[in-house]
4 protein chains.
Amino acid sequence: MTDEARIRTSFARQGMMATLGARMLSVGPGAVAIAAPLTPAVSQQHGAGHAALAFALGDSAAGYAALTVLPDGAEVMTAEMKIHLLRPAVGDRLIARGSVVKAGRRLVVARADVFADAAGDETLSATLIGTMVPVDP
Amino acid sequence: MTDEARIRTSFARQGMMATLGARMLSVGPGAVAIAAPLTPAVSQQHGAGHAALAFALGDSAAGYAALTVLPDGAEVMTAEMKIHLLRPAVGDRLIARGSVVKAGRRLVVARADVFADAAGDETLSATLIGTMVPVDP
Amino acid sequence: MTDEARIRTSFARQGMMATLGARMLSVGPGAVAIAAPLTPAVSQQHGAGHAALAFALGDSAAGYAALTVLPDGAEVMTAEMKIHLLRPAVGDRLIARGSVVKAGRRLVVARADVFADAAGDETLSATLIGTMVPVDP
Amino acid sequence: MTDEARIRTSFARQGMMATLGARMLSVGPGAVAIAAPLTPAVSQQHGAGHAALAFALGDSAAGYAALTVLPDGAEVMTAEMKIHLLRPAVGDRLIARGSVVKAGRRLVVARADVFADAAGDETLSATLIGTMVPVDP
């Protein structure tokens with residue numbers, strides 16, 4: 001199974017991603033993009049996208065970016081993750097772009113930027129960085 | 001409006017909380033508990049609860065705990081939040097218990113512990129700490 | 001070598017701890033306390049203790065607390081650490097009290113509270129939580 | 001007083017920076033670089049630079065970068081800061097390069113990368129991101 005197929009299979013198994021309407025936009029070496037629509041179902045109390053949506057997409061994009069740099073068959077878990085909410089998540093959808101900061105044997109440090117996309121105009125809405133742990137499948 | 005009514009009204013306006021099946025268990029001065037069932041709809045790829053579920057409940061519990069210590073009519077936004085995923089979220093539901101570390105004029109530092117509840121046995125699954133900013137409503 | 005002797009030997013090898021005037025107050029299972037005087041040599045621009053002093057003591061107290069729960073001969077490195085600066089570090093000295101949140105095979109999550117001690121009155125000044133990695137010596 | 005003069009004056013008042021042998025390499029709009037030599041006085045137990053050195057330089061570089069984007073006369077305090085230790089701090093000196101992620105009225109999010117410089121070869125050793133609060137002087 002190619003890396004991309006393996007990653008798309010794992011993504012498809014996440015009930016949460018389906019619940020949020022998320023889909024994987026792209027998978028490349030050390031770089032993954034995931035998007036989900038901004039709808040009332042994922043809003044906070046003022047109608048903007050919930051911090052947990054930005055977290056869900058950013059954490060997944062960072063985690064799958066980490067997975068692309070690990071040996072075939074590996075899996076990763078998030079050990080810890082930090083998020084800064086920079087601007088309200090308003091627009092049509094959120095797009096999270098994950099990348100790898102440092103890939104080690106024991107740990108992978110990965111990050112993601114989350115953009116609010118309004119009719120094609122993207123605004124940085126949140127930024128995440130955290131620690132992924134390779135685990136035996 | 002009492003503090004508790006104000007907080008329950010805000011909670012009820014969050015589409016994300018309804019989507020996750022979350023409900024507010026208790027609201028007290030500087031202490032809020034929120035729970036949601038562990039179902040396939042909020043799972044990660046191995047069937048355990050998704051990190052974003054723990055984040056959603058923990059962030060909300062911490063944020064509403066912060067709100068209980070602010071003047072009437074105030075609102076808070078999460079500026080940044082950190083989460084450690086300690087043990088898999090398996091069981092019947094997750095319960096997040098939020099509390100206030102330090103309430104200042106400009107910032108409130110708040111935290112939450114998230115427990116996996118399996119038939120009444122609770123295991124610490126995640127812990128969060130972050131910064132809330134009072135905002136004008 | 002006992003755990004405590006091993007930990008005190010490691011501490012004594014840290015040039016930074018000597019430079020800061022830090023000393024280890026106590027070592028117990030999963031709990032370590034380290035203190036250093038608040039002097040102009042470790043101040044920020046307004047004369048209070050520098051954030052880096054609170055970080056240095058808190059990180060070390062958390063790291064050595066982690067070390068007490070690992071097998072003999074193990075060592076740990078800080079993978080990542082987060083600090084909230086809650087109140088100015090003013091008084092006679094800072095005391096950091098480290099403890100273990102979760103000890104795993106691959107990672108140990110540890111935390112520390114840092115208190116400003118003014119004539120015996122302690123005020124919580126900073127709180128830290130982070131990830132330690134066991135490494136081969 | 002120009003921004004740069006104001007920032008260099010504040011830096012010169014930090015006893016900790018003098019104790020660590022740190023000096024400010026450059027100050028520009030939203031970008032500050034600070035360096036300090038790697039010596040036994042700032043080492044951890046294996047002789048590499050201590051995590052607290054990377055923190056001290058990175059936190060200061062991020063904080064002063066934040067200050068360059070605030071109105072004249074403003075000051076900032078670190079509210080919270082996160083650091084990933086990526087590679088051992090070995091070489092001649094550490095160089096921290098701070099920049100601004102998002103400047104708001106209430107908060108500034110700033111970051112820093114810390115490089116180990118060995119005979120002119122720079123390796124990324126640590127990365128920090130955190131929240132600065134403008135305060136009245």
# chains A, B, ... in the order shown; residues from 1 in each chain; ligands from 1

$ interface_residues --of "chain B" --to "chain C" --cutoff "12 Å" --atoms "only C-alpha atoms" --output "list in words"
Glu80, Met81, Lys82, Ile83, His84, Leu85, Leu86, Arg87, Val100, Val101, Lys102, Ala103, Gly104, Arg106, Leu107, Val108, Val109, Ala110, Arg111, Asp113, Thr123, Leu124, Ser125, Ala126, Thr127, Leu128, Ile129, Gly130 and Thr131 of chain B

$ write_last_selection --atoms "C-alpha atoms" --output "PDB file, in the first residue's frame"
ATOM      1  CA  GLU B  80      -4.268  29.380  23.517  1.00  0.00           C
ATOM      2  CA  MET B  81      -4.676  25.900  24.931  1.00  0.00           C
ATOM      3  CA  LYS B  82      -2.389  22.943  25.490  1.00  0.00           C
ATOM      4  CA  ILE B  83      -3.428  19.316  25.847  1.00  0.00           C
ATOM      5  CA  HIS B  84      -1.581  16.202  26.963  1.00  0.00           C
ATOM      6  CA  LEU B  85      -3.197  12.954  25.831  1.00  0.00           C
ATOM      7  CA  LEU B  86      -2.327  10.592  28.670  1.00  0.00           C
ATOM      8  CA  ARG B  87      -4.399   7.449  28.147  1.00  0.00           C
ATOM      9  CA  VAL B 100      -9.300  28.337  37.360  1.00  0.00           C
ATOM     10  CA  VAL B 101      -5.564  28.594  37.998  1.00  0.00           C
ATOM     11  CA  LYS B 102      -5.301  32.389  38.092  1.00  0.00           C
ATOM     12  CA  ALA B 103      -7.914  35.036  37.362  1.00  0.00           C
ATOM     13  CA  GLY B 104      -6.478  38.357  36.257  1.00  0.00           C
ATOM     14  CA  ARG B 106      -6.479  40.865  31.316  1.00  0.00           C
ATOM     15  CA  LEU B 107      -6.172  37.088  31.278  1.00  0.00           C
ATOM     16  CA  VAL B 108      -7.533  34.048  33.052  1.00  0.00           C
ATOM     17  CA  VAL B 109      -5.411  30.906  33.198  1.00  0.00           C
ATOM     18  CA  ALA B 110      -7.657  27.856  33.404  1.00  0.00           C
ATOM     19  CA  ARG B 111      -7.221  24.122  33.239  1.00  0.00           C
ATOM     20  CA  ASP B 113      -8.751  17.260  33.510  1.00  0.00           C
ATOM     21  CA  THR B 123      -9.415   7.193  34.466  1.00  0.00           C
ATOM     22  CA  LEU B 124      -7.513  10.386  33.742  1.00  0.00           C
ATOM     23  CA  SER B 125      -7.297  10.531  29.953  1.00  0.00           C
ATOM     24  CA  ALA B 126      -6.101  14.059  29.178  1.00  0.00           C
ATOM     25  CA  THR B 127      -5.101  17.276  30.891  1.00  0.00           C
ATOM     26  CA  LEU B 128      -5.314  20.803  29.497  1.00  0.00           C
ATOM     27  CA  ILE B 129      -4.114  24.240  30.539  1.00  0.00           C
ATOM     28  CA  GLY B 130      -4.510  27.502  28.677  1.00  0.00           C
ATOM     29  CA  THR B 131      -5.156  31.207  28.510  1.00  0.00           C
TER      30      THR B 131
END

$ residues_around --residues "Pro40 (chain C)" --least-positions-apart "6" --cutoff "9 Å" --atoms "only C-alpha atoms" --output "PyMOL selection string"
(chain C and resi 47-49) or (chain D and resi 14-16)

$ write_last_selection --atoms "N, CA and C atoms" --output "PDB file, in the first residue's frame"
ATOM      1  N   GLY C  47      13.524  44.200  37.737  1.00  0.00           N
ATOM      2  CA  GLY C  47      14.092  43.769  39.006  1.00  0.00           C
ATOM      3  C   GLY C  47      13.490  42.491  39.568  1.00  0.00           C
ATOM      4  N   ALA C  48      12.365  42.039  39.017  1.00  0.00           N
ATOM      5  CA  ALA C  48      11.801  40.761  39.463  1.00  0.00           C
ATOM      6  C   ALA C  48      12.627  39.618  38.863  1.00  0.00           C
ATOM      7  N   GLY C  49      12.394  38.411  39.349  1.00  0.00           N
ATOM      8  CA  GLY C  49      13.103  37.255  38.798  1.00  0.00           C
ATOM      9  C   GLY C  49      12.714  37.038  37.344  1.00  0.00           C
TER      10      GLY C  49
ATOM     11  N   GLN D  14      18.359  43.780  32.111  1.00  0.00           N
ATOM     12  CA  GLN D  14      18.082  42.399  32.543  1.00  0.00           C
ATOM     13  C   GLN D  14      19.348  41.743  33.082  1.00  0.00           C
ATOM     14  N   GLY D  15      19.394  41.619  34.402  1.00  0.00           N
ATOM     15  CA  GLY D  15      20.561  40.974  35.011  1.00  0.00           C
ATOM     16  C   GLY D  15      20.797  39.582  34.440  1.00  0.00           C
ATOM     17  N   MET D  16      19.701  38.860  34.158  1.00  0.00           N
ATOM     18  CA  MET D  16      19.832  37.488  33.657  1.00  0.00           C
ATOM     19  C   MET D  16      20.587  37.448  32.326  1.00  0.00           C
TER      20      MET D  16
END

$ calpha_fit_and_write --fixed "chain A" --moving "chain D" --output "mmCIF file with C-alpha atoms, in the first residue's frame"
data_model
loop_
_atom_site.group_PDB
_atom_site.id
_atom_site.type_symbol
_atom_site.label_atom_id
_atom_site.label_comp_id
_atom_site.auth_asym_id
_atom_site.auth_seq_id
_atom_site.Cartn_x
_atom_site.Cartn_y
_atom_site.Cartn_z
ATOM 1 C CA MET D 1 -0.042 -0.004 0.030
ATOM 2 C CA THR D 2 1.374 3.389 -0.863
ATOM 3 C CA ASP D 3 1.859 5.956 1.834
ATOM 4 C CA GLU D 4 -0.979 8.022 0.516
ATOM 5 C CA ALA D 5 -3.380 5.076 0.378
ATOM 6 C CA ARG D 6 -2.382 4.051 3.904
ATOM 7 C CA ILE D 7 -2.982 7.556 5.197
ATOM 8 C CA ARG D 8 -6.287 7.967 3.417
ATOM 9 C CA THR D 9 -7.453 4.615 4.826
ATOM 10 C CA SER D 10 -6.551 5.689 8.365
ATOM 11 C CA PHE D 11 -8.297 9.025 7.843
ATOM 12 C CA ALA D 12 -11.449 7.288 6.575
ATOM 13 C CA ARG D 13 -11.593 5.230 9.789
ATOM 14 C CA GLN D 14 -11.865 8.332 11.997
ATOM 15 C CA GLY D 15 -15.511 8.759 12.885
ATOM 16 C CA MET D 16 -14.746 12.276 14.133
ATOM 17 C CA MET D 17 -13.508 13.411 10.720
ATOM 18 C CA ALA D 18 -16.753 12.229 9.088
ATOM 19 C CA THR D 19 -18.827 13.907 11.827
ATOM 20 C CA LEU D 20 -17.011 17.191 11.151
ATOM 21 C CA GLY D 21 -17.397 16.798 7.366
ATOM 22 C CA ALA D 22 -13.602 16.834 6.990
ATOM 23 C CA ARG D 23 -11.825 15.598 3.916
ATOM 24 C CA MET D 24 -8.178 15.186 3.056
ATOM 25 C CA LEU D 25 -7.182 17.644 0.353
ATOM 26 C CA SER D 26 -3.633 16.484 -0.281
ATOM 27 C CA VAL D 27 -0.938 14.148 1.019
ATOM 28 C CA GLY D 28 2.736 14.636 0.239
ATOM 29 C CA PRO D 29 6.047 13.887 1.962
ATOM 30 C CA GLY D 30 5.870 15.735 5.269
ATOM 31 C CA ALA D 31 2.846 17.780 4.208
ATOM 32 C CA VAL D 32 -0.871 17.054 4.545
ATOM 33 C CA ALA D 33 -3.897 19.325 4.059
ATOM 34 C CA ILE D 34 -7.345 18.691 5.544
ATOM 35 C CA ALA D 35 -10.469 20.870 5.222
ATOM 36 C CA ALA D 36 -13.948 21.015 6.702
ATOM 37 C CA PRO D 37 -16.911 23.320 6.105
ATOM 38 C CA LEU D 38 -17.817 26.037 8.607
ATOM 39 C CA THR D 39 -21.434 25.267 9.490
ATOM 40 C CA PRO D 40 -23.699 25.847 12.503
ATOM 41 C CA ALA D 41 -23.013 22.224 13.507
ATOM 42 C CA VAL D 42 -19.398 23.042 14.361
ATOM 43 C CA SER D 43 -19.868 26.569 15.723
ATOM 44 C CA GLN D 44 -19.140 28.193 19.041
ATOM 45 C CA GLN D 45 -21.670 30.437 20.782
ATOM 46 C CA HIS D 46 -21.215 33.401 18.396
ATOM 47 C CA GLY D 47 -21.517 31.410 15.190
ATOM 48 C CA ALA D 48 -17.816 31.238 14.276
ATOM 49 C CA GLY D 49 -16.094 27.888 13.961
ATOM 50 C CA HIS D 50 -15.369 26.225 17.303
ATOM 51 C CA ALA D 51 -11.785 26.050 18.594
ATOM 52 C CA ALA D 52 -12.247 22.286 18.648
ATOM 53 C CA LEU D 53 -12.758 22.283 14.872
ATOM 54 C CA ALA D 54 -9.472 24.097 14.305
ATOM 55 C CA PHE D 55 -7.861 21.701 16.773
ATOM 56 C CA ALA D 56 -9.328 18.600 15.109
ATOM 57 C CA LEU D 57 -8.168 19.589 11.636
ATOM 58 C CA GLY D 58 -4.802 20.943 12.731
ATOM 59 C CA ASP D 59 -4.003 17.965 14.946
ATOM 60 C CA SER D 60 -4.935 15.535 12.175
ATOM 61 C CA ALA D 61 -2.976 17.419 9.515
ATOM 62 C CA ALA D 62 0.089 17.537 11.773
ATOM 63 C CA GLY D 63 -0.281 13.870 12.735
ATOM 64 C CA TYR D 64 -0.639 12.627 9.172
ATOM 65 C CA ALA D 65 2.255 14.834 8.061
ATOM 66 C CA ALA D 66 4.306 13.052 10.749
ATOM 67 C CA LEU D 67 3.108 9.689 9.458
ATOM 68 C CA THR D 68 4.390 10.409 5.947
ATOM 69 C CA VAL D 69 7.966 10.554 7.247
ATOM 70 C CA LEU D 70 7.812 7.295 9.232
ATOM 71 C CA PRO D 71 8.538 3.771 7.935
ATOM 72 C CA ASP D 72 5.740 1.858 6.225
ATOM 73 C CA GLY D 73 3.262 0.336 8.627
ATOM 74 C CA ALA D 74 4.019 2.768 11.439
ATOM 75 C CA GLU D 75 1.313 4.667 13.254
ATOM 76 C CA VAL D 76 1.464 7.814 15.377
ATOM 77 C CA MET D 77 -0.419 9.123 18.354
ATOM 78 C CA THR D 78 -0.549 12.701 19.539
ATOM 79 C CA ALA D 79 1.265 12.916 22.873
ATOM 80 C CA GLU D 80 0.638 16.642 23.340
ATOM 81 C CA MET D 81 -0.540 19.532 21.191
ATOM 82 C CA LYS D 82 -0.726 23.290 21.617
ATOM 83 C CA ILE D 83 -3.002 25.649 19.736
ATOM 84 C CA HIS D 84 -3.089 29.438 19.422
ATOM 85 C CA LEU D 85 -6.442 30.809 18.273
ATOM 86 C CA LEU D 86 -5.403 33.887 16.307
ATOM 87 C CA ARG D 87 -8.519 35.072 14.451
ATOM 88 C CA PRO D 88 -12.191 34.002 14.382
ATOM 89 C CA ALA D 89 -12.890 31.026 12.121
ATOM 90 C CA VAL D 90 -15.368 32.682 9.763
ATOM 91 C CA GLY D 91 -15.922 31.915 6.077
ATOM 92 C CA ASP D 92 -16.781 28.865 4.046
ATOM 93 C CA ARG D 93 -14.358 26.343 5.447
ATOM 94 C CA LEU D 94 -11.219 25.778 7.485
ATOM 95 C CA ILE D 95 -8.113 24.373 5.823
ATOM 96 C CA ALA D 96 -5.348 22.880 7.986
ATOM 97 C CA ARG D 97 -1.890 22.450 6.506
ATOM 98 C CA GLY D 98 0.369 20.160 8.502
ATOM 99 C CA SER D 99 4.141 19.836 8.269
ATOM 100 C CA VAL D 100 7.041 18.225 10.106
ATOM 101 C CA VAL D 101 9.399 20.263 12.284
ATOM 102 C CA LYS D 102 11.713 17.425 13.365
ATOM 103 C CA ALA D 103 11.433 13.699 12.761
ATOM 104 C CA GLY D 104 13.215 11.566 15.336
ATOM 105 C CA ARG D 105 13.139 7.879 16.166
ATOM 106 C CA ARG D 106 11.243 8.346 19.393
ATOM 107 C CA LEU D 107 9.278 11.489 18.668
ATOM 108 C CA VAL D 108 8.142 13.585 15.748
ATOM 109 C CA VAL D 109 7.493 17.285 16.282
ATOM 110 C CA ALA D 110 4.866 18.493 13.836
ATOM 111 C CA ARG D 111 2.890 21.657 13.301
ATOM 112 C CA ALA D 112 -0.104 22.947 11.397
ATOM 113 C CA ASP D 113 -1.489 26.287 10.303
ATOM 114 C CA VAL D 114 -5.261 26.553 10.034
ATOM 115 C CA PHE D 115 -6.719 29.017 7.562
ATOM 116 C CA ALA D 116 -10.269 30.343 7.265
ATOM 117 C CA ASP D 117 -11.193 30.275 3.587
ATOM 118 C CA ALA D 118 -13.858 32.829 2.575
ATOM 119 C CA ALA D 119 -14.565 32.653 -1.134
ATOM 120 C CA GLY D 120 -10.955 31.713 -1.824
ATOM 121 C CA ASP D 121 -9.404 34.329 0.469
ATOM 122 C CA GLU D 122 -7.437 32.609 3.185
ATOM 123 C CA THR D 123 -6.768 34.116 6.621
ATOM 124 C CA LEU D 124 -4.559 32.461 9.231
ATOM 125 C CA SER D 125 -6.955 31.493 12.019
ATOM 126 C CA ALA D 126 -4.946 29.173 14.264
ATOM 127 C CA THR D 127 -1.507 27.641 14.596
ATOM 128 C CA LEU D 128 -0.598 24.382 16.326
ATOM 129 C CA ILE D 129 2.597 22.588 17.289
ATOM 130 C CA GLY D 130 2.962 19.315 19.133
ATOM 131 C CA THR D 131 4.600 15.977 19.756
ATOM 132 C CA MET D 132 3.711 12.752 17.953
ATOM 133 C CA VAL D 133 4.830 9.324 19.165
ATOM 134 C CA PRO D 134 5.360 6.448 16.747
ATOM 135 C CA VAL D 135 3.434 3.414 18.059
ATOM 136 C CA ASP D 136 3.326 -0.224 17.023
ATOM 137 C CA PRO D 137 0.202 -0.865 14.995
#

$ select_by_dssp --residues "region 51-129 of chain D" --states "helix (DSSP H, G or I)" --output "PyMOL selection string"
chain D and resi 51-68

$ select_by_dssp --residues "chain C" --states "strand (DSSP E or B)" --output "PyMOL selection string"
chain C and resi 23-28+31-37+43+49+75-85+93-103+108-118+121-135

$ write_last_selection --atoms "C-alpha atoms" --output "PDB file, in the first residue's frame"
ATOM      1  CA  ARG C  23      20.184  23.876  45.153  1.00  0.00           C
ATOM      2  CA  MET C  24      18.119  20.755  45.514  1.00  0.00           C
ATOM      3  CA  LEU C  25      15.934  20.986  48.608  1.00  0.00           C
ATOM      4  CA  SER C  26      14.434  17.500  48.566  1.00  0.00           C
ATOM      5  CA  VAL C  27      14.178  14.333  46.497  1.00  0.00           C
ATOM      6  CA  GLY C  28      11.406  11.784  46.969  1.00  0.00           C
ATOM      7  CA  ALA C  31       8.637  14.663  43.867  1.00  0.00           C
ATOM      8  CA  VAL C  32      11.651  16.986  43.755  1.00  0.00           C
ATOM      9  CA  ALA C  33      12.092  20.538  45.081  1.00  0.00           C
ATOM     10  CA  ILE C  34      14.732  22.985  43.850  1.00  0.00           C
ATOM     11  CA  ALA C  35      15.300  26.593  44.992  1.00  0.00           C
ATOM     12  CA  ALA C  36      17.412  29.572  43.969  1.00  0.00           C
ATOM     13  CA  PRO C  37      17.800  33.076  45.398  1.00  0.00           C
ATOM     14  CA  SER C  43      16.435  39.575  37.200  1.00  0.00           C
ATOM     15  CA  GLY C  49      13.103  37.255  38.798  1.00  0.00           C
ATOM     16  CA  GLU C  75      18.268   9.469  32.194  1.00  0.00           C
ATOM     17  CA  VAL C  76      15.665  11.883  30.884  1.00  0.00           C
ATOM     18  CA  MET C  77      15.671  14.802  28.517  1.00  0.00           C
ATOM     19  CA  THR C  78      13.033  17.472  28.214  1.00  0.00           C
ATOM     20  CA  ALA C  79      11.294  17.088  24.859  1.00  0.00           C
ATOM     21  CA  GLU C  80       8.973  20.048  25.341  1.00  0.00           C
ATOM     22  CA  MET C  81       7.892  22.264  28.219  1.00  0.00           C
ATOM     23  CA  LYS C  82       5.240  24.899  28.720  1.00  0.00           C
ATOM     24  CA  ILE C  83       5.243  27.648  31.339  1.00  0.00           C
ATOM     25  CA  HIS C  84       2.584  30.074  32.540  1.00  0.00           C
ATOM     26  CA  LEU C  85       3.976  33.131  34.318  1.00  0.00           C
ATOM     27  CA  ARG C  93      13.934  33.005  46.478  1.00  0.00           C
ATOM     28  CA  LEU C  94      12.001  30.830  44.050  1.00  0.00           C
ATOM     29  CA  ILE C  95      11.097  27.265  45.007  1.00  0.00           C
ATOM     30  CA  ALA C  96      10.086  24.811  42.275  1.00  0.00           C
ATOM     31  CA  ARG C  97       8.205  21.669  43.253  1.00  0.00           C
ATOM     32  CA  GLY C  98       8.131  19.022  40.556  1.00  0.00           C
ATOM     33  CA  SER C  99       5.842  16.002  40.286  1.00  0.00           C
ATOM     34  CA  VAL C 100       4.857  13.284  37.826  1.00  0.00           C
ATOM     35  CA  VAL C 101       1.536  13.398  35.969  1.00  0.00           C
ATOM     36  CA  LYS C 102       1.932  10.153  34.002  1.00  0.00           C
ATOM     37  CA  ALA C 103       4.901   7.811  33.741  1.00  0.00           C
ATOM     38  CA  VAL C 108       6.899  10.829  31.170  1.00  0.00           C
ATOM     39  CA  VAL C 109       4.586  13.810  31.598  1.00  0.00           C
ATOM     40  CA  ALA C 110       5.739  15.918  34.523  1.00  0.00           C
ATOM     41  CA  ARG C 111       4.824  19.275  35.995  1.00  0.00           C
ATOM     42  CA  ALA C 112       6.117  21.832  38.451  1.00  0.00           C
ATOM     43  CA  ASP C 113       4.747  24.728  40.436  1.00  0.00           C
ATOM     44  CA  VAL C 114       7.141  27.575  41.142  1.00  0.00           C
ATOM     45  CA  PHE C 115       6.597  29.648  44.273  1.00  0.00           C
ATOM     46  CA  ALA C 116       8.060  33.018  45.233  1.00  0.00           C
ATOM     47  CA  ASP C 117       9.129  32.788  48.874  1.00  0.00           C
ATOM     48  CA  ALA C 118       9.172  36.131  50.729  1.00  0.00           C
ATOM     49  CA  ASP C 121       5.283  33.360  52.669  1.00  0.00           C
ATOM     50  CA  GLU C 122       4.931  31.461  49.412  1.00  0.00           C
ATOM     51  CA  THR C 123       3.016  32.763  46.383  1.00  0.00           C
ATOM     52  CA  LEU C 124       2.452  30.704  43.239  1.00  0.00           C
ATOM     53  CA  SER C 125       4.490  32.478  40.576  1.00  0.00           C
ATOM     54  CA  ALA C 126       4.579  30.047  37.638  1.00  0.00           C
ATOM     55  CA  THR C 127       3.328  26.632  36.607  1.00  0.00           C
ATOM     56  CA  LEU C 128       4.909  24.267  34.082  1.00  0.00           C
ATOM     57  CA  ILE C 129       3.934  21.019  32.384  1.00  0.00           C
ATOM     58  CA  GLY C 130       5.879  19.091  29.801  1.00  0.00           C
ATOM     59  CA  THR C 131       7.127  15.895  28.236  1.00  0.00           C
ATOM     60  CA  MET C 132      10.280  14.049  29.306  1.00  0.00           C
ATOM     61  CA  VAL C 133      11.881  11.305  27.222  1.00  0.00           C
ATOM     62  CA  PRO C 134      13.870   8.497  28.830  1.00  0.00           C
ATOM     63  CA  VAL C 135      17.233   8.241  27.045  1.00  0.00           C
TER      64      VAL C 135
END

$ decode --residues "region 74-86 of chain B" --atoms "N, CA and C atoms" --output "compact mmCIF listing (two decimals), in the first residue's frame"
# COMPACT_ATOMS: atom_id res chain seq x y z
N ALA B 74 -19.69 39.42 31.14
CA ALA B 74 -18.42 39.21 30.43
C ALA B 74 -18.51 37.96 29.56
N GLU B 75 -17.59 37.88 28.61
CA GLU B 75 -17.43 36.65 27.84
C GLU B 75 -15.94 36.36 27.75
N VAL B 76 -15.60 35.13 27.46
CA VAL B 76 -14.18 34.79 27.30
C VAL B 76 -13.97 34.06 25.97
N MET B 77 -12.78 34.23 25.46
CA MET B 77 -12.33 33.47 24.30
C MET B 77 -11.06 32.73 24.69
N THR B 78 -10.87 31.56 24.13
CA THR B 78 -9.59 30.87 24.33
C THR B 78 -8.54 31.55 23.46
N ALA B 79 -7.46 32.00 24.09
CA ALA B 79 -6.35 32.56 23.32
C ALA B 79 -5.40 31.44 22.90
N GLU B 80 -5.12 30.53 23.83
CA GLU B 80 -4.27 29.38 23.52
C GLU B 80 -4.58 28.29 24.51
N MET B 81 -4.35 27.05 24.08
CA MET B 81 -4.68 25.90 24.93
C MET B 81 -3.70 24.78 24.61
N LYS B 82 -3.31 24.07 25.64
CA LYS B 82 -2.39 22.94 25.49
C LYS B 82 -3.04 21.69 26.05
N ILE B 83 -2.84 20.57 25.38
CA ILE B 83 -3.43 19.32 25.85
C ILE B 83 -2.38 18.21 25.83
N HIS B 84 -2.34 17.45 26.92
CA HIS B 84 -1.58 16.20 26.96
C HIS B 84 -2.58 15.05 26.89
N LEU B 85 -2.39 14.17 25.93
CA LEU B 85 -3.20 12.95 25.83
C LEU B 85 -2.47 11.87 26.61
N LEU B 86 -3.05 11.46 27.74
CA LEU B 86 -2.33 10.59 28.67
C LEU B 86 -2.68 9.11 28.51
